[in-house]
$ cat start25.csv   # CSV, N, CA and C atoms
chain,number,residue,atom,x,y,z
A,1,MET,N,6.7,81.7,16.2
A,1,MET,CA,5.7,82.5,15.5
A,1,MET,C,6.3,83.3,14.4
A,2,ILE,N,7.6,83.7,14.5
A,2,ILE,CA,8.2,84.4,13.4
A,2,ILE,C,8.3,83.6,12.2
A,3,SER,N,8.6,82.3,12.4
A,3,SER,CA,8.7,81.4,11.2
A,3,SER,C,7.4,81.2,10.6
A,4,VAL,N,6.4,81.0,11.3
A,4,VAL,CA,5.0,80.8,10.8
A,4,VAL,C,4.5,82.0,10.0
A,5,LEU,N,4.7,83.1,10.7
A,5,LEU,CA,4.2,84.4,10.0
A,5,LEU,C,5.1,84.7,8.8
A,6,GLY,N,6.4,84.4,8.9
A,6,GLY,CA,7.2,84.6,7.7
A,6,GLY,C,6.8,83.7,6.5
A,7,ALA,N,6.5,82.5,6.9
A,7,ALA,CA,6.1,81.5,5.8
A,7,ALA,C,4.7,82.0,5.2
A,8,LEU,N,3.8,82.4,6.0
A,8,LEU,CA,2.5,82.9,5.5
A,8,LEU,C,2.7,84.1,4.6
A,9,GLY,N,3.6,85.0,5.1
A,9,GLY,CA,3.9,86.2,4.3
A,9,GLY,C,4.5,85.9,3.0
A,10,GLY,N,5.5,84.9,3.0
A,10,GLY,CA,6.1,84.5,1.8
A,10,GLY,C,5.2,83.9,0.8
A,11,LEU,N,4.2,83.1,1.3
A,11,LEU,CA,3.2,82.5,0.4
A,11,LEU,C,2.3,83.6,-0.2
A,12,ARG,N,2.0,84.6,0.6
A,12,ARG,CA,1.1,85.7,0.1
A,12,ARG,C,1.8,86.6,-0.9
A,13,TRP,N,3.1,86.8,-0.6
A,13,TRP,CA,3.9,87.7,-1.5
A,13,TRP,C,4.4,86.9,-2.8
A,14,ALA,N,4.3,85.6,-2.8
A,14,ALA,CA,4.9,84.8,-3.9
A,14,ALA,C,4.2,85.3,-5.2
A,15,PRO,N,5.0,85.4,-6.2
A,15,PRO,CA,4.5,85.8,-7.5
A,15,PRO,C,3.5,84.8,-8.1
A,16,GLY,N,2.3,85.3,-8.3
A,16,GLY,CA,1.3,84.4,-8.9
A,16,GLY,C,0.6,85.1,-10.1
A,17,THR,N,0.7,86.4,-10.2
A,17,THR,CA,0.1,87.1,-11.3
A,17,THR,C,1.1,87.4,-12.3
A,18,SER,N,0.7,87.4,-13.6
A,18,SER,CA,1.7,87.7,-14.7
A,18,SER,C,1.7,89.2,-15.0
A,19,GLY,N,0.6,89.9,-14.7
A,19,GLY,CA,0.5,91.3,-15.0
A,19,GLY,C,1.3,92.2,-14.1
A,20,GLY,N,1.4,93.4,-14.4
A,20,GLY,CA,2.1,94.4,-13.5
A,20,GLY,C,3.4,94.9,-14.1
A,21,THR,N,3.9,96.0,-13.5
A,21,THR,CA,5.1,96.6,-14.0
A,21,THR,C,6.3,95.9,-13.4
A,22,ALA,N,7.5,96.3,-13.9
A,22,ALA,CA,8.7,95.8,-13.4
A,22,ALA,C,8.9,96.2,-12.0
A,23,LEU,N,8.5,97.4,-11.6
A,23,LEU,CA,8.6,97.8,-10.2
A,23,LEU,C,7.8,96.9,-9.3
A,24,ALA,N,6.6,96.6,-9.7
A,24,ALA,CA,5.7,95.7,-8.9
A,24,ALA,C,6.3,94.3,-8.8
A,25,HIS,N,6.9,93.8,-9.8
A,25,HIS,CA,7.6,92.5,-9.8
A,25,HIS,C,8.8,92.5,-8.8
A,26,GLY,N,9.5,93.6,-8.9
A,26,GLY,CA,10.7,93.8,-8.0
A,26,GLY,C,10.3,93.9,-6.5
A,27,LEU,N,9.2,94.6,-6.3
A,27,LEU,CA,8.8,94.7,-4.9
A,27,LEU,C,8.2,93.4,-4.4
A,28,ARG,N,7.5,92.7,-5.2
A,28,ARG,CA,7.0,91.4,-4.9
A,28,ARG,C,8.1,90.4,-4.6
A,29,ALA,N,9.1,90.4,-5.4
A,29,ALA,CA,10.3,89.5,-5.2
A,29,ALA,C,11.0,89.9,-3.9
A,30,ALA,N,11.2,91.2,-3.6
A,30,ALA,CA,11.8,91.6,-2.4
A,30,ALA,C,11.0,91.3,-1.2
A,31,GLY,N,9.7,91.4,-1.2
A,31,GLY,CA,8.8,91.0,-0.1
A,31,GLY,C,8.9,89.5,0.1
A,32,THR,N,8.9,88.7,-0.9
A,32,THR,CA,9.0,87.3,-0.8
A,32,THR,C,10.3,86.9,-0.1
A,33,ALA,N,11.4,87.6,-0.5
A,33,ALA,CA,12.7,87.3,0.0
A,33,ALA,C,12.8,87.6,1.5
A,34,VAL,N,12.2,88.8,1.9
A,34,VAL,CA,12.2,89.2,3.3
A,34,VAL,C,11.4,88.2,4.2
A,35,CYS,N,10.3,87.8,3.7
A,35,CYS,CA,9.4,86.9,4.4
A,35,CYS,C,10.0,85.5,4.5
A,36,CYS,N,10.7,85.1,3.5
A,36,CYS,CA,11.4,83.8,3.6
A,36,CYS,C,12.5,83.8,4.5
A,37,ALA,N,13.3,84.9,4.5
A,37,ALA,CA,14.4,85.1,5.5
A,37,ALA,C,13.8,85.1,6.9
A,38,ALA,N,12.7,85.7,7.1
A,38,ALA,CA,12.1,85.7,8.5
A,38,ALA,C,11.6,84.3,8.8
A,39,ALA,N,11.2,83.5,7.8
A,39,ALA,CA,10.7,82.2,8.1
A,39,ALA,C,11.8,81.2,8.4
A,40,PHE,N,12.9,81.3,7.7
A,40,PHE,CA,14.0,80.3,7.9
A,40,PHE,C,15.1,80.9,8.8
A,41,GLY,N,15.1,82.1,9.2
A,41,GLY,CA,16.2,82.7,10.0
A,41,GLY,C,16.3,82.1,11.4
A,42,PRO,N,15.2,82.0,12.2
A,42,PRO,CA,15.3,81.3,13.5
A,42,PRO,C,15.7,79.9,13.4
A,43,PHE,N,15.2,79.2,12.4
A,43,PHE,CA,15.6,77.8,12.2
A,43,PHE,C,17.1,77.6,12.0
A,44,PHE,N,17.7,78.4,11.2
A,44,PHE,CA,19.2,78.3,10.9
A,44,PHE,C,20.0,78.9,12.1
A,45,TYR,N,19.4,79.9,12.9
A,45,TYR,CA,20.1,80.4,14.1
A,45,TYR,C,20.2,79.3,15.1
A,46,LEU,N,19.1,78.6,15.3
A,46,LEU,CA,19.1,77.5,16.3
A,46,LEU,C,20.0,76.3,15.8
A,47,LEU,N,19.9,76.1,14.5
A,47,LEU,CA,20.7,75.0,14.0
A,47,LEU,C,22.2,75.3,14.1
A,48,SER,N,22.6,76.6,14.0
A,48,SER,CA,24.0,76.9,14.2
A,48,SER,C,24.5,76.7,15.6
A,49,GLY,N,23.6,76.6,16.6
A,49,GLY,CA,24.1,76.4,17.9
A,49,GLY,C,24.4,74.9,18.3
A,50,LEU,N,24.0,74.0,17.4
A,50,LEU,CA,24.3,72.6,17.6
A,50,LEU,C,25.7,72.3,17.2
A,51,PRO,N,26.3,71.4,17.9
A,51,PRO,CA,27.8,71.1,17.6
A,51,PRO,C,28.0,70.6,16.2
A,52,ALA,N,29.2,71.0,15.7
A,52,ALA,CA,29.6,70.5,14.4
A,52,ALA,C,30.2,69.1,14.6
A,53,LYS,N,30.2,68.3,13.5
A,53,LYS,CA,30.7,66.9,13.6
A,53,LYS,C,32.2,66.8,13.8
A,54,SER,N,33.0,67.6,13.1
A,54,SER,CA,34.4,67.5,13.1
A,54,SER,C,35.1,68.8,13.4
A,55,CYS,N,34.5,69.7,14.2
A,55,CYS,CA,35.0,71.0,14.5
A,55,CYS,C,35.8,70.8,15.9
A,56,ARG,N,37.0,71.4,15.9
A,56,ARG,CA,37.8,71.3,17.2
A,56,ARG,C,38.0,72.7,17.8
A,57,SER,N,37.5,73.7,17.2
A,57,SER,CA,37.7,75.0,17.8
A,57,SER,C,36.6,75.3,18.8
A,58,GLU,N,36.9,76.4,19.6
A,58,GLU,CA,35.9,76.7,20.7
A,58,GLU,C,34.7,77.4,20.1
A,59,SER,N,34.8,78.0,18.9
A,59,SER,CA,33.7,78.8,18.4
A,59,SER,C,32.5,77.9,18.0
A,60,CYS,N,32.8,76.6,17.7
A,60,CYS,CA,31.6,75.8,17.3
A,60,CYS,C,31.4,74.7,18.4
A,61,ALA,N,31.7,75.0,19.6
A,61,ALA,CA,31.4,74.1,20.7
A,61,ALA,C,29.9,74.1,21.0
A,62,TYR,N,29.4,73.0,21.6
A,62,TYR,CA,28.0,72.9,22.0
A,62,TYR,C,27.6,74.0,22.9
A,63,VAL,N,26.5,74.6,22.6
A,63,VAL,CA,25.9,75.6,23.5
A,63,VAL,C,24.9,74.9,24.3
A,64,PRO,N,25.0,74.9,25.7
A,64,PRO,CA,24.0,74.2,26.5
A,64,PRO,C,22.6,74.7,26.3
A,65,GLY,N,21.7,73.8,26.1
A,65,GLY,CA,20.2,74.1,26.0
A,65,GLY,C,19.8,74.3,24.5
A,66,THR,N,20.7,74.1,23.6
A,66,THR,CA,20.3,74.3,22.2
A,66,THR,C,19.4,73.2,21.7
A,67,GLY,N,19.7,72.0,22.1
A,67,GLY,CA,18.9,70.9,21.6
A,67,GLY,C,17.4,71.0,22.1
A,68,ILE,N,17.2,71.4,23.3
A,68,ILE,CA,15.9,71.6,23.9
A,68,ILE,C,15.2,72.8,23.2
A,69,ALA,N,16.0,73.9,22.9
A,69,ALA,CA,15.4,75.0,22.2
A,69,ALA,C,15.0,74.7,20.8
A,70,PHE,N,15.8,73.9,20.2
A,70,PHE,CA,15.5,73.4,18.8
A,70,PHE,C,14.3,72.6,18.8
A,71,LEU,N,14.1,71.7,19.7
A,71,LEU,CA,12.9,70.9,19.8
A,71,LEU,C,11.7,71.7,20.1
A,72,ALA,N,11.8,72.7,21.1
A,72,ALA,CA,10.7,73.6,21.4
A,72,ALA,C,10.3,74.4,20.2
A,73,TYR,N,11.3,74.9,19.4
A,73,TYR,CA,11.0,75.6,18.2
A,73,TYR,C,10.2,74.8,17.2
A,74,ALA,N,10.7,73.6,17.0
A,74,ALA,CA,10.0,72.7,16.0
A,74,ALA,C,8.6,72.4,16.4
A,75,VAL,N,8.4,72.1,17.7
A,75,VAL,CA,7.0,71.8,18.1
A,75,VAL,C,6.2,73.1,18.1
A,76,GLY,N,6.7,74.2,18.6
A,76,GLY,CA,5.9,75.4,18.6
A,76,GLY,C,5.5,75.9,17.2
A,77,ALA,N,6.5,75.9,16.3
A,77,ALA,CA,6.2,76.3,14.9
A,77,ALA,C,5.2,75.3,14.2
A,78,GLY,N,5.4,74.0,14.5
A,78,GLY,CA,4.4,73.1,13.9
A,78,GLY,C,3.0,73.3,14.5
A,79,LEU,N,2.9,73.5,15.8
A,79,LEU,CA,1.5,73.7,16.3
A,79,LEU,C,0.9,75.0,15.8
A,80,ALA,N,1.7,76.0,15.8
A,80,ALA,CA,1.2,77.3,15.3
A,80,ALA,C,0.8,77.2,13.8
A,81,GLY,N,1.6,76.6,13.0
A,81,GLY,CA,1.3,76.4,11.6
A,81,GLY,C,0.0,75.6,11.4
A,82,TRP,N,-0.1,74.5,12.2
A,82,TRP,CA,-1.3,73.6,12.1
A,82,TRP,C,-2.5,74.4,12.5
A,83,SER,N,-2.5,75.2,13.6
A,83,SER,CA,-3.7,75.9,14.0
A,83,SER,C,-4.1,77.0,13.0
A,84,ILE,N,-3.1,77.6,12.4
A,84,ILE,CA,-3.4,78.6,11.4
A,84,ILE,C,-4.0,77.9,10.2
A,85,HIS,N,-3.5,76.8,9.8
A,85,HIS,CA,-4.0,76.0,8.7
A,85,HIS,C,-5.5,75.6,9.0
A,86,ARG,N,-5.7,75.1,10.2
A,86,ARG,CA,-7.1,74.7,10.5
A,86,ARG,C,-8.1,75.9,10.5
A,87,TRP,N,-7.6,77.1,10.9
A,87,TRP,CA,-8.4,78.3,11.0
A,87,TRP,C,-8.7,78.7,9.6
A,88,THR,N,-7.7,78.8,8.7
A,88,THR,CA,-8.0,79.2,7.3
A,88,THR,C,-8.8,78.2,6.5
A,89,SER,N,-8.6,76.9,6.8
A,89,SER,CA,-9.5,75.9,6.2
A,89,SER,C,-10.9,76.0,6.6
A,90,ALA,N,-11.2,76.3,7.9
A,90,ALA,CA,-12.5,76.5,8.4
A,90,ALA,C,-13.2,77.7,7.7
A,91,ARG,N,-12.4,78.8,7.6
A,91,ARG,CA,-13.0,80.0,7.0
A,91,ARG,C,-13.3,79.7,5.5
A,92,ALA,N,-12.4,79.0,4.8
A,92,ALA,CA,-12.7,78.7,3.4
A,92,ALA,C,-13.9,77.8,3.3
A,93,ALA,N,-14.1,76.8,4.2
A,93,ALA,CA,-15.2,76.0,4.1
A,93,ALA,C,-16.5,76.7,4.4
A,94,ASP,N,-16.5,77.7,5.3
A,94,ASP,CA,-17.7,78.5,5.6
A,94,ASP,C,-18.0,79.4,4.4
A,95,GLN,N,-17.0,80.0,3.7
A,95,GLN,CA,-17.3,80.8,2.6
A,95,GLN,C,-17.8,79.9,1.4
A,96,LEU,N,-17.3,78.7,1.3
A,96,LEU,CA,-17.9,77.8,0.2
A,96,LEU,C,-19.3,77.4,0.5
A,97,ALA,N,-19.6,77.2,1.8
A,97,ALA,CA,-21.0,76.8,2.2
A,97,ALA,C,-21.9,78.0,1.9
A,98,LEU,N,-21.5,79.2,2.2
A,98,LEU,CA,-22.3,80.4,1.9
A,98,LEU,C,-22.6,80.6,0.4
A,99,GLU,N,-21.5,80.3,-0.4
A,99,GLU,CA,-21.6,80.5,-1.8
A,99,GLU,C,-22.6,79.4,-2.4
A,100,ARG,N,-22.5,78.2,-1.9
A,100,ARG,CA,-23.4,77.1,-2.3
A,100,ARG,C,-24.8,77.4,-1.9
A,101,GLU,N,-25.0,78.0,-0.8
A,101,GLU,CA,-26.4,78.4,-0.4
A,101,GLU,C,-26.9,79.5,-1.3
A,102,ARG,N,-26.1,80.5,-1.6
A,102,ARG,CA,-26.5,81.6,-2.5
A,102,ARG,C,-26.9,81.0,-3.9
A,103,VAL,N,-26.1,80.1,-4.4
A,103,VAL,CA,-26.4,79.6,-5.7
A,103,VAL,C,-27.7,78.7,-5.7
A,104,ARG,N,-27.9,78.0,-4.5
A,104,ARG,CA,-29.1,77.2,-4.4
A,104,ARG,C,-30.3,78.1,-4.4
A,105,ARG,N,-30.2,79.2,-3.7
A,105,ARG,CA,-31.4,80.1,-3.6
A,105,ARG,C,-31.6,80.7,-5.0
A,106,LEU,N,-30.6,81.1,-5.7
A,106,LEU,CA,-30.8,81.6,-7.1
A,106,LEU,C,-31.4,80.6,-8.0
A,107,ARG,N,-31.0,79.3,-7.9
A,107,ARG,CA,-31.6,78.3,-8.7
A,107,ARG,C,-33.0,78.0,-8.4
A,108,LYS,N,-33.3,78.2,-7.1
A,108,LYS,CA,-34.7,78.0,-6.7
A,108,LYS,C,-35.6,79.0,-7.3
A,109,LYS,N,-35.1,80.2,-7.5
A,109,LYS,CA,-35.9,81.3,-8.1
A,109,LYS,C,-35.9,81.2,-9.6
A,110,GLY,N,-35.0,80.3,-10.2
A,110,GLY,CA,-35.0,80.2,-11.6
A,110,GLY,C,-33.9,81.1,-12.2
A,111,LYS,N,-33.1,81.7,-11.4
A,111,LYS,CA,-32.1,82.6,-12.0
A,111,LYS,C,-30.7,82.0,-12.1
A,112,GLY,N,-30.6,80.8,-11.6
A,112,GLY,CA,-29.3,80.1,-11.6
A,112,GLY,C,-29.1,79.2,-12.9
A,113,LYS,N,-30.1,79.2,-13.7
A,113,LYS,CA,-30.0,78.3,-14.9
A,113,LYS,C,-29.4,79.1,-16.1
A,114,SER,N,-29.0,78.4,-17.1
A,114,SER,CA,-28.5,79.1,-18.3
A,114,SER,C,-29.7,79.6,-19.1
A,115,ARG,N,-29.4,80.4,-20.1
A,115,ARG,CA,-30.5,81.0,-20.9
A,115,ARG,C,-31.2,79.9,-21.7
A,116,VAL,N,-30.4,78.9,-22.2
A,116,VAL,CA,-31.0,77.8,-22.9
A,116,VAL,C,-31.9,77.0,-22.0
A,117,ALA,N,-31.5,76.7,-20.8
A,117,ALA,CA,-32.3,75.9,-19.9
A,117,ALA,C,-33.5,76.7,-19.5
A,118,ARG,N,-33.5,78.0,-19.3
A,118,ARG,CA,-34.7,78.8,-19.0
A,118,ARG,C,-35.7,78.8,-20.1
A,119,GLY,N,-35.2,78.7,-21.3
A,119,GLY,CA,-36.2,78.7,-22.5
A,119,GLY,C,-36.9,77.4,-22.6
A,120,ARG,N,-36.5,76.4,-22.1
A,120,ARG,CA,-37.2,75.1,-22.2
A,120,ARG,C,-38.4,75.0,-21.4

$ encode --input "start25.csv" --output "C-alpha coordinates"
Amino acid sequence: MISVLGALGGLRWAPGTSGGTALAHGLRAAGTAVCCAAAFGPFFYLLSGLPAKSCRSESCAYVPGTGIAFLAYAVGAGLAGWSIHRWTSARAADQLALERERVRRLRKKGKGKSRVARGR
(Lines of atoms letter the chains of each structure in order from A and count residues from 1; the text may use other names and numbers.)
(Lines give C-alpha, C1' and ligand atoms only; values in the text may rest on other atoms or scores of the structure.)
Protein backbone atom coordinates (compact mmCIF):
# COMPACT_ATOMS: atom_id res chain seq x y z
CA MET A 1 0.00 0.00 0.00
CA ILE A 2 2.92 2.34 0.68
CA SER A 3 4.10 1.94 -2.90
CA VAL A 4 0.66 2.52 -4.41
CA LEU A 5 -0.10 5.55 -2.26
CA GLY A 6 3.39 6.93 -2.91
CA ALA A 7 2.91 6.55 -6.66
CA LEU A 8 -0.50 8.25 -6.51
CA GLY A 9 0.95 11.07 -4.43
CA GLY A 10 3.86 11.44 -6.83
CA LEU A 11 1.48 11.71 -9.76
CA ARG A 12 -0.64 14.28 -7.94
CA TRP A 13 2.38 16.37 -6.87
CA ALA A 14 4.08 16.13 -10.27
CA PRO A 15 4.60 19.56 -11.82
CA GLY A 16 1.92 20.22 -14.37
CA THR A 17 1.26 23.92 -14.05
CA SER A 18 3.62 26.55 -15.33
CA GLY A 19 2.45 29.35 -13.04
CA GLY A 20 3.43 29.93 -9.45
CA THR A 21 6.31 31.20 -7.41
CA ALA A 22 9.72 29.65 -6.98
CA LEU A 23 8.71 28.54 -3.48
CA ALA A 24 5.67 26.72 -4.87
CA HIS A 25 7.82 25.00 -7.50
CA GLY A 26 10.32 23.98 -4.82
CA LEU A 27 7.62 22.58 -2.55
CA ARG A 28 6.04 20.72 -5.46
CA ALA A 29 9.41 19.20 -6.40
CA ALA A 30 10.08 18.21 -2.78
CA GLY A 31 6.63 16.62 -2.47
CA THR A 32 7.17 14.68 -5.69
CA ALA A 33 10.56 13.46 -4.44
CA VAL A 34 9.15 12.31 -1.09
CA CYS A 35 6.24 10.49 -2.73
CA CYS A 36 8.48 8.78 -5.28
CA ALA A 37 10.84 7.70 -2.49
CA ALA A 38 7.84 6.23 -0.66
CA ALA A 39 6.75 4.48 -3.85
CA PHE A 40 10.10 2.89 -4.68
CA GLY A 41 11.52 2.47 -1.16
CA PRO A 42 9.82 -0.84 -0.29
CA PHE A 43 10.67 -2.23 -3.72
CA PHE A 44 14.38 -1.52 -3.34
CA TYR A 45 14.37 -2.71 0.29
CA LEU A 46 12.99 -6.09 -0.76
CA LEU A 47 15.29 -6.20 -3.76
CA SER A 48 18.31 -5.67 -1.49
CA GLY A 49 17.41 -8.86 0.40
CA LEU A 50 17.87 -11.03 -2.66
CA PRO A 51 21.31 -12.61 -3.06
CA ALA A 52 23.92 -10.90 -5.22
CA LYS A 53 25.36 -12.76 -8.18
CA SER A 54 29.06 -12.71 -7.29
CA CYS A 55 29.13 -11.62 -3.65
CA ARG A 56 31.09 -13.83 -1.24
CA SER A 57 30.70 -11.89 2.01
CA GLU A 58 28.13 -12.67 4.67
CA SER A 59 26.51 -9.23 4.41
CA CYS A 60 24.92 -10.04 1.07
CA ALA A 61 23.92 -13.62 1.77
CA TYR A 62 20.38 -14.76 0.99
CA VAL A 63 17.83 -13.79 3.62
CA PRO A 64 15.28 -16.62 3.94
CA GLY A 65 11.77 -15.66 2.85
CA THR A 66 12.83 -12.71 0.72
CA GLY A 67 11.70 -14.25 -2.57
CA ILE A 68 8.20 -14.96 -1.24
CA ALA A 69 8.03 -11.46 0.29
CA PHE A 70 9.09 -9.94 -3.02
CA LEU A 71 6.41 -11.92 -4.88
CA ALA A 72 3.76 -10.99 -2.30
CA TYR A 73 4.79 -7.33 -2.58
CA ALA A 74 4.53 -7.37 -6.37
CA VAL A 75 1.13 -9.07 -6.35
CA GLY A 76 -0.24 -6.89 -3.54
CA ALA A 77 0.95 -3.62 -5.08
CA GLY A 78 -0.38 -4.70 -8.48
CA LEU A 79 -3.81 -5.59 -7.12
CA ALA A 80 -4.04 -2.42 -5.03
CA GLY A 81 -2.99 -0.26 -7.99
CA TRP A 82 -5.43 -2.00 -10.31
CA SER A 83 -8.34 -1.60 -7.87
CA ILE A 84 -7.56 2.11 -7.34
CA HIS A 85 -7.33 2.57 -11.11
CA ARG A 86 -10.72 0.89 -11.58
CA TRP A 87 -12.27 3.04 -8.86
CA THR A 88 -10.96 6.32 -10.26
CA SER A 89 -11.93 5.30 -13.81
CA ALA A 90 -15.47 4.52 -12.65
CA ARG A 91 -15.70 7.90 -10.90
CA ALA A 92 -14.47 9.69 -14.02
CA ALA A 93 -16.99 7.81 -16.17
CA ASP A 94 -19.82 8.76 -13.79
CA GLN A 95 -18.79 12.42 -13.86
CA LEU A 96 -18.60 12.34 -17.65
CA ALA A 97 -22.09 10.81 -17.85
CA LEU A 98 -23.48 13.51 -15.54
CA GLU A 99 -21.85 16.23 -17.65
CA ARG A 100 -23.26 14.71 -20.85
CA GLU A 101 -26.73 14.60 -19.27
CA ARG A 102 -26.42 18.24 -18.16
CA VAL A 103 -25.39 19.36 -21.66
CA ARG A 104 -28.23 17.30 -23.19
CA ARG A 105 -30.78 19.01 -20.92
CA LEU A 106 -29.38 22.44 -21.81
CA ARG A 107 -29.57 21.67 -25.52
CA LYS A 108 -33.13 20.44 -25.11
CA LYS A 109 -34.04 23.85 -23.66
CA GLY A 110 -32.21 25.60 -26.48
CA LYS A 111 -29.44 26.96 -24.30
CA GLY A 112 -26.70 24.63 -25.43
CA LYS A 113 -26.47 26.06 -28.94
CA SER A 114 -24.18 28.80 -30.11
CA ARG A 115 -25.53 32.32 -30.66
CA VAL A 116 -25.39 31.90 -34.44
CA ALA A 117 -27.28 28.63 -34.29
CA ARG A 118 -29.97 30.13 -32.01
CA GLY A 119 -30.52 33.00 -34.47
CA ARG A 120 -31.39 30.64 -37.33

$ closest_residue --input "start25.csv" --among "A:Leu23, A:Val4, A:Leu98, A:Ala38" --to "A:Leu79" --atoms "only C-alpha atoms"
A:Val4

$ residues_around --input "start25.csv" --residues "stretch 71-76 of chain A" --least-positions-apart "6" --cutoff "8 Å" --atoms "only N, CA and C atoms" --output "list of chain:residue names"
A:Met1, A:Val4, A:Pro42, A:Phe43, A:Gly65, A:Trp82

$ write_last_selection --input "start25.csv" --atoms "N, CA and C atoms" --output "PDB file, in the coordinates of the input"
ATOM      1  N   MET A   1       6.700  81.700  16.200  1.00  0.00           N
ATOM      2  CA  MET A   1       5.700  82.500  15.500  1.00  0.00           C
ATOM      3  C   MET A   1       6.300  83.300  14.400  1.00  0.00           C
ATOM      4  N   VAL A   4       6.400  81.000  11.300  1.00  0.00           N
ATOM      5  CA  VAL A   4       5.000  80.800  10.800  1.00  0.00           C
ATOM      6  C   VAL A   4       4.500  82.000  10.000  1.00  0.00           C
ATOM      7  N   PRO A  42      15.200  82.000  12.200  1.00  0.00           N
ATOM      8  CA  PRO A  42      15.300  81.300  13.500  1.00  0.00           C
ATOM      9  C   PRO A  42      15.700  79.900  13.400  1.00  0.00           C
ATOM     10  N   PHE A  43      15.200  79.200  12.400  1.00  0.00           N
ATOM     11  CA  PHE A  43      15.600  77.800  12.200  1.00  0.00           C
ATOM     12  C   PHE A  43      17.100  77.600  12.000  1.00  0.00           C
ATOM     13  N   GLY A  65      21.700  73.800  26.100  1.00  0.00           N
ATOM     14  CA  GLY A  65      20.200  74.100  26.000  1.00  0.00           C
ATOM     15  C   GLY A  65      19.800  74.300  24.500  1.00  0.00           C
ATOM     16  N   TRP A  82      -0.100  74.500  12.200  1.00  0.00           N
ATOM     17  CA  TRP A  82      -1.300  73.600  12.100  1.00  0.00           C
ATOM     18  C   TRP A  82      -2.500  74.400  12.500  1.00  0.00           C
TER      19      TRP A  82
END

$ closest_residue --input "start25.csv" --among "A:Cys36, A:Leu27, A:Ala97, A:Val103" --to "A:Leu11" --atoms "only N, CA and C atoms"
A:Cys36

$ atom_distance --input "start25.csv" --atom1 "atom N of A:Ser83" --atom2 "atom CA of A:Gly67"
23.2 Å

$ atom_distance --input "start25.csv" --atom1 "atom N of A:Ile84" --atom2 "atom N of A:Ala37"
19.6 Å

$ atom_distance --input "start25.csv" --atom1 "atom CA of A:Leu96" --atom2 "atom C of A:Gly9"
24.0 Å

$ closest_residue --input "start25.csv" --among "A:Gly31, A:Pro64, A:Gly41, A:Gly110" --to "A:Ile2" --atoms "all atoms listed in the file"
A:Gly41

$ closest_residue --input "start25.csv" --among "A:Gly81, A:Phe70, A:Ala30, A:Thr88" --to "A:Ser3" --atoms "all atoms listed in the file"
A:Gly81
